[in-house]
Structure formats: C-alpha cells, structure tokens
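Reproduced below: model07.tsv, with TSV, N, CA and C atoms.
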```
chain	number	residue	atom	x	y	z
A	14	MET	N	0.86	-1.17	0.00
A	14	MET	CA	0.00	0.00	0.00
A	14	MET	C	0.90	1.23	0.00
A	15	ASN	N	0.75	2.05	-1.01
A	15	ASN	CA	1.57	3.25	-1.09
A	15	ASN	C	0.80	4.47	-0.59
A	16	SER	N	1.45	5.62	-0.68
A	16	SER	CA	0.84	6.83	-0.12
A	16	SER	C	-0.41	7.25	-0.90
A	17	ALA	N	-0.48	6.97	-2.18
A	17	ALA	CA	-1.67	7.32	-2.96
A	17	ALA	C	-2.89	6.52	-2.48
A	18	ASP	N	-2.68	5.26	-2.14
A	18	ASP	CA	-3.78	4.44	-1.62
A	18	ASP	C	-4.26	4.96	-0.28
A	19	VAL	N	-3.32	5.36	0.56
A	19	VAL	CA	-3.69	5.91	1.87
A	19	VAL	C	-4.49	7.20	1.70
A	20	LEU	N	-4.07	8.04	0.77
A	20	LEU	CA	-4.81	9.29	0.52
A	20	LEU	C	-6.20	9.00	-0.04
A	21	ASP	N	-6.33	7.99	-0.89
A	21	ASP	CA	-7.64	7.63	-1.43
A	21	ASP	C	-8.58	7.14	-0.33
A	22	VAL	N	-8.05	6.32	0.56
A	22	VAL	CA	-8.87	5.81	1.67
A	22	VAL	C	-9.27	6.96	2.60
A	23	ALA	N	-8.33	7.86	2.90
A	23	ALA	CA	-8.63	8.99	3.77
A	23	ALA	C	-9.65	9.93	3.12
A	24	ARG	N	-9.50	10.18	1.82
A	24	ARG	CA	-10.43	11.05	1.10
A	24	ARG	C	-11.84	10.44	1.09
A	25	ASP	N	-11.91	9.14	0.87
A	25	ASP	CA	-13.20	8.46	0.86
A	25	ASP	C	-13.84	8.50	2.25
A	26	GLY	N	-13.04	8.32	3.29
A	26	GLY	CA	-13.57	8.39	4.65
A	26	GLY	C	-14.07	9.78	5.01
A	27	ILE	N	-13.32	10.80	4.62
A	27	ILE	CA	-13.75	12.18	4.91
A	27	ILE	C	-15.01	12.53	4.13
A	28	TYR	N	-15.08	12.10	2.88
A	28	TYR	CA	-16.29	12.36	2.09
A	28	TYR	C	-17.50	11.68	2.71
A	29	THR	N	-17.33	10.45	3.15
A	29	THR	CA	-18.43	9.72	3.79
A	29	THR	C	-18.84	10.42	5.09
A	30	LEU	N	-17.87	10.89	5.85
A	30	LEU	CA	-18.17	11.64	7.07
A	30	LEU	C	-19.01	12.87	6.76
A	31	LEU	N	-18.66	13.59	5.72
A	31	LEU	CA	-19.42	14.78	5.35
A	31	LEU	C	-20.83	14.44	4.89
A	32	VAL	N	-20.96	13.35	4.14
A	32	VAL	CA	-22.29	12.93	3.67
A	32	VAL	C	-23.17	12.55	4.86
A	33	ILE	N	-22.57	11.93	5.87
A	33	ILE	CA	-23.34	11.49	7.03
A	33	ILE	C	-23.67	12.66	7.96
A	34	ALA	N	-22.71	13.54	8.20
A	34	ALA	CA	-22.89	14.57	9.22
A	34	ALA	C	-23.55	15.85	8.70
A	35	ALA	N	-23.36	16.17	7.44
A	35	ALA	CA	-23.83	17.47	6.93
A	35	ALA	C	-25.34	17.67	7.04
A	36	PRO	N	-26.18	16.70	6.70
A	36	PRO	CA	-27.62	16.98	6.81
A	36	PRO	C	-28.08	17.27	8.24
A	37	VAL	N	-27.57	16.51	9.19
A	37	VAL	CA	-27.98	16.72	10.59
A	37	VAL	C	-27.47	18.06	11.09
A	38	MET	N	-26.23	18.39	10.74
A	38	MET	CA	-25.68	19.68	11.16
A	38	MET	C	-26.41	20.85	10.50
A	39	GLY	N	-26.80	20.67	9.25
A	39	GLY	CA	-27.57	21.72	8.56
A	39	GLY	C	-28.93	21.94	9.20
A	40	ILE	N	-29.58	20.86	9.59
A	40	ILE	CA	-30.88	20.99	10.27
A	40	ILE	C	-30.70	21.67	11.62
A	41	ALA	N	-29.67	21.29	12.37
A	41	ALA	CA	-29.41	21.93	13.66
A	41	ALA	C	-29.11	23.42	13.47
A	42	LEU	N	-28.37	23.75	12.42
A	42	LEU	CA	-28.07	25.16	12.14
A	42	LEU	C	-29.33	25.94	11.81
A	43	ALA	N	-30.20	25.35	10.97
A	43	ALA	CA	-31.43	26.04	10.59
A	43	ALA	C	-32.35	26.24	11.79
A	44	VAL	N	-32.48	25.23	12.63
A	44	VAL	CA	-33.34	25.36	13.82
A	44	VAL	C	-32.75	26.39	14.78
A	45	GLY	N	-31.44	26.36	14.98
A	45	GLY	CA	-30.81	27.35	15.85
A	45	GLY	C	-30.97	28.76	15.33
A	46	LEU	N	-30.85	28.93	14.01
A	46	LEU	CA	-31.03	30.25	13.42
A	46	LEU	C	-32.47	30.73	13.56
A	47	ALA	N	-33.43	29.82	13.37
A	47	ALA	CA	-34.84	30.20	13.52
A	47	ALA	C	-35.16	30.59	14.96
A	48	ILE	N	-34.65	29.83	15.91
A	48	ILE	CA	-34.88	30.16	17.33
A	48	ILE	C	-34.21	31.48	17.68
A	49	ALA	N	-33.00	31.70	17.17
A	49	ALA	CA	-32.31	32.98	17.44
A	49	ALA	C	-33.07	34.15	16.85
A	50	LEU	N	-33.65	33.96	15.67
A	50	LEU	CA	-34.45	35.02	15.06
A	50	LEU	C	-35.71	35.31	15.87
A	51	ILE	N	-36.35	34.24	16.33
A	51	ILE	CA	-37.54	34.43	17.18
A	51	ILE	C	-37.16	35.13	18.48
A	52	GLN	N	-36.02	34.75	19.07
A	52	GLN	CA	-35.58	35.41	20.30
A	52	GLN	C	-35.28	36.88	20.05
A	53	ALA	N	-34.68	37.20	18.92
A	53	ALA	CA	-34.35	38.59	18.62
A	53	ALA	C	-35.61	39.42	18.37
A	54	LEU	N	-36.60	38.80	17.72
A	54	LEU	CA	-37.83	39.53	17.43
A	54	LEU	C	-38.68	39.74	18.68
A	55	THR	N	-38.69	38.77	19.58
A	55	THR	CA	-39.52	38.88	20.78
A	55	THR	C	-38.75	39.41	21.98
A	56	GLN	N	-37.46	39.60	21.84
A	56	GLN	CA	-36.58	40.08	22.91
A	56	GLN	C	-36.57	39.16	24.12
A	57	ILE	N	-36.78	37.89	23.90
A	57	ILE	CA	-36.63	36.89	24.95
A	57	ILE	C	-35.20	36.39	24.89
A	58	GLN	N	-34.41	36.67	25.88
A	58	GLN	CA	-32.99	36.32	25.86
A	58	GLN	C	-32.69	35.19	26.84
A	59	GLU	N	-33.41	34.11	26.71
A	59	GLU	CA	-33.18	32.94	27.55
A	59	GLU	C	-32.17	32.04	26.86
A	60	MET	N	-31.08	31.73	27.52
A	60	MET	CA	-30.00	30.96	26.92
A	60	MET	C	-30.39	29.50	26.68
A	61	THR	N	-31.22	28.94	27.53
A	61	THR	CA	-31.56	27.52	27.42
A	61	THR	C	-32.70	27.25	26.44
A	62	LEU	N	-33.29	28.27	25.87
A	62	LEU	CA	-34.43	28.11	24.98
A	62	LEU	C	-34.05	27.40	23.69
A	63	THR	N	-32.81	27.52	23.24
A	63	THR	CA	-32.43	26.92	21.97
A	63	THR	C	-32.15	25.42	22.08
A	64	PHE	N	-31.88	24.91	23.26
A	64	PHE	CA	-31.44	23.53	23.39
A	64	PHE	C	-32.54	22.52	23.10
A	65	VAL	N	-33.72	22.71	23.65
A	65	VAL	CA	-34.78	21.71	23.49
A	65	VAL	C	-35.23	21.58	22.03
A	66	PRO	N	-35.51	22.67	21.32
A	66	PRO	CA	-35.90	22.50	19.90
A	66	PRO	C	-34.78	21.88	19.06
A	67	LYS	N	-33.52	22.24	19.35
A	67	LYS	CA	-32.41	21.66	18.59
A	67	LYS	C	-32.29	20.16	18.86
A	68	ILE	N	-32.42	19.76	20.10
A	68	ILE	CA	-32.32	18.35	20.44
A	68	ILE	C	-33.44	17.56	19.77
A	69	ILE	N	-34.65	18.10	19.80
A	69	ILE	CA	-35.78	17.42	19.15
A	69	ILE	C	-35.57	17.33	17.64
A	70	ALA	N	-35.11	18.43	17.02
A	70	ALA	CA	-34.88	18.44	15.58
A	70	ALA	C	-33.77	17.46	15.19
A	71	ILE	N	-32.71	17.41	15.97
A	71	ILE	CA	-31.62	16.47	15.68
A	71	ILE	C	-32.10	15.04	15.85
A	72	PHE	N	-32.86	14.75	16.88
A	72	PHE	CA	-33.38	13.40	17.09
A	72	PHE	C	-34.28	12.97	15.94
A	73	VAL	N	-35.18	13.84	15.52
A	73	VAL	CA	-36.09	13.52	14.42
A	73	VAL	C	-35.31	13.33	13.12
A	74	SER	N	-34.33	14.22	12.87
A	74	SER	CA	-33.55	14.09	11.64
A	74	SER	C	-32.71	12.82	11.65
A	75	LEU	N	-32.19	12.43	12.81
A	75	LEU	CA	-31.44	11.18	12.88
A	75	LEU	C	-32.34	9.99	12.60
A	76	MET	N	-33.56	10.02	13.10
A	76	MET	CA	-34.48	8.92	12.85
A	76	MET	C	-34.85	8.83	11.36
A	77	LEU	N	-35.01	9.98	10.72
A	77	LEU	CA	-35.38	9.98	9.31
A	77	LEU	C	-34.20	9.65	8.39
A	78	LEU	N	-33.01	10.09	8.75
A	78	LEU	CA	-31.84	9.94	7.89
A	78	LEU	C	-30.99	8.72	8.22
A	79	LEU	N	-31.38	7.95	9.21
A	79	LEU	CA	-30.58	6.79	9.61
A	79	LEU	C	-30.40	5.77	8.49
A	80	PRO	N	-31.39	5.47	7.67
A	80	PRO	CA	-31.14	4.52	6.56
A	80	PRO	C	-30.12	5.04	5.56
A	81	ILE	N	-30.16	6.34	5.27
A	81	ILE	CA	-29.19	6.93	4.34
A	81	ILE	C	-27.79	6.87	4.94
A	82	MET	N	-27.69	7.18	6.23
A	82	MET	CA	-26.39	7.14	6.90
A	82	MET	C	-25.84	5.71	6.93
A	83	GLY	N	-26.69	4.76	7.22
A	83	GLY	CA	-26.26	3.37	7.24
A	83	GLY	C	-25.81	2.89	5.87
A	84	ALA	N	-26.51	3.31	4.82
A	84	ALA	CA	-26.11	2.93	3.47
A	84	ALA	C	-24.77	3.54	3.10
A	85	ALA	N	-24.54	4.79	3.52
A	85	ALA	CA	-23.25	5.43	3.23
A	85	ALA	C	-22.12	4.73	3.96
A	86	MET	N	-22.34	4.38	5.23
A	86	MET	CA	-21.29	3.67	5.98
A	86	MET	C	-21.08	2.26	5.44
A	87	GLY	N	-22.16	1.60	5.04
A	87	GLY	CA	-22.02	0.29	4.44
A	87	GLY	C	-21.26	0.34	3.12
A	88	GLY	N	-21.52	1.37	2.34
A	88	GLY	CA	-20.79	1.54	1.09
A	88	GLY	C	-19.31	1.78	1.32
A	89	LEU	N	-18.99	2.57	2.33
A	89	LEU	CA	-17.58	2.80	2.67
A	89	LEU	C	-16.93	1.50	3.10
A	90	MET	N	-17.61	0.73	3.89
A	90	MET	CA	-17.04	-0.54	4.34
A	90	MET	C	-16.85	-1.51	3.18
A	91	ASP	N	-17.80	-1.54	2.25
A	91	ASP	CA	-17.66	-2.39	1.07
A	91	ASP	C	-16.44	-1.98	0.24
A	92	ARG	N	-16.26	-0.68	0.06
A	92	ARG	CA	-15.11	-0.21	-0.71
A	92	ARG	C	-13.80	-0.53	0.00
A	93	LEU	N	-13.79	-0.40	1.33
A	93	LEU	CA	-12.58	-0.72	2.07
A	93	LEU	C	-12.27	-2.21	2.01
A	94	VAL	N	-13.29	-3.05	2.13
A	94	VAL	CA	-13.06	-4.50	2.06
A	94	VAL	C	-12.58	-4.89	0.67
A	95	ASP	N	-13.14	-4.30	-0.38
A	95	ASP	CA	-12.68	-4.58	-1.74
A	95	ASP	C	-11.22	-4.18	-1.92
A	96	ARG	N	-10.86	-3.04	-1.32
A	96	ARG	CA	-9.47	-2.58	-1.42
A	96	ARG	C	-8.54	-3.51	-0.66
A	97	ILE	N	-8.97	-4.00	0.51
A	97	ILE	CA	-8.15	-4.92	1.30
A	97	ILE	C	-7.97	-6.25	0.56
A	98	VAL	N	-9.06	-6.75	-0.03
A	98	VAL	CA	-9.01	-8.03	-0.73
A	98	VAL	C	-8.09	-7.93	-1.96
A	99	SER	N	-8.09	-6.77	-2.61
A	99	SER	CA	-7.29	-6.64	-3.83
A	99	SER	C	-5.79	-6.62	-3.56
A	100	PHE	N	-5.37	-6.44	-2.33
A	100	PHE	CA	-3.93	-6.43	-2.03
A	100	PHE	C	-3.42	-7.79	-1.80
```
Write out the structure in this file as structure tokens.
Amino acid sequence: MNSADVLDVARDGIYTLLVIAAPVMGIALAVGLAIALIQALTQIQEMTLTFVPKIIAIFVSLMLLLPIMGAAMGGLMDRLVDRIVSF
C-alpha cells in the first residue's frame, strides 16, 4: 500500500463523514437560526431556549436519515473490504 492508496482511503472516509454529518448539522443550524431570530424579534434572551428544539430536531432528523447514513457507511465498508481483498 503506497501513499496514494492511503490518501484515497482517507479522502473516501472524509467524504463519507461529510455525507453522514452534513444533513444533521444543517438541520441543527437552521433550527438554531430560527430560534435565534424568534428570540431577537420577541426580545426573549433565555440561553436555554435553543437547546430543546435543537435536540428534538436532531433526534427527528437522525431517525429519518438513519437509513441513508447506514447505506453510506455500508458503502464505505464495502469499498474498504474490496481494497483490502485486492492487495
């Protein structure tokens, strides 16, 4: 295994990480931004108000996106096993 193979495996792993994490992080960002906008408009400056909606949104998004995440991780594992077998 040379350095090009190591870089390919690392690149594939980072790409898979982004595919798995980006949707959940984007949803958390959107919910946090919406709550911050509501807080700014209503002048309610409670620090703990953002946590509960974010936690609920992340939980729901994880439940909905879990099959996609599992398929992405399974695909990464298949590619890694194929690469290991080919050596």
Exercise for the section: Please provide as a list in words all residues within 7 Å of stretch 59-67 of chain A, with the sequence filter that same-chain residues fewer than 3 positions apart are discarded (counting only N, CA and C atoms). Expected result: Ala41, Val44, Gly45, Ile48, Ala49, Gln52, Gln56, Ala70, Ile71 and Phe72 of chain A
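A straight line drawn from atom CA of A:Ser16 to atom CA of A:Arg96 is 14.0 Å long.
Counting only N, CA and C atoms, A:Leu89 has the following residues at most 7 Å away, ignoring those fewer than 5 positions along the same chain: A:Asp25, A:Ala84, A:Val94.
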With N, CA and C atoms retained, export the selected residues as a PDB file, keeping the file's coordinate frame.
```pdb
ATOM      1  N   ASP A  25     -11.910   9.140   0.870  1.00  0.00           N
ATOM      2  CA  ASP A  25     -13.200   8.460   0.860  1.00  0.00           C
ATOM      3  C   ASP A  25     -13.840   8.500   2.250  1.00  0.00           C
ATOM      4  N   ALA A  84     -26.510   3.310   4.820  1.00  0.00           N
ATOM      5  CA  ALA A  84     -26.110   2.930   3.470  1.00  0.00           C
ATOM      6  C   ALA A  84     -24.770   3.540   3.100  1.00  0.00           C
ATOM      7  N   VAL A  94     -13.290  -3.050   2.130  1.00  0.00           N
ATOM      8  CA  VAL A  94     -13.060  -4.500   2.060  1.00  0.00           C
ATOM      9  C   VAL A  94     -12.580  -4.890   0.670  1.00  0.00           C
TER      10      VAL A  94
END
```
Fill in the blank from the handout: Students should find that atom C of A:Gly83 and atom C of A:Val32 are spaced 10.1 Å
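Atom N of A:Met86 sits 7.6 Å away from atom N of A:Ile33.
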Please define a box with edges along x, y and z of the file around all atoms of stretch 73-92 of chain A given in the file, extend it by 5 Å on each side, and return its centre and edge lengths in Å to one decimal, as JSON.
```
{"center_x": -24.9, "center_y": 5.9, "center_z": 7.4, "size_x": 32.3, "size_y": 26.6, "size_z": 26.2}
```
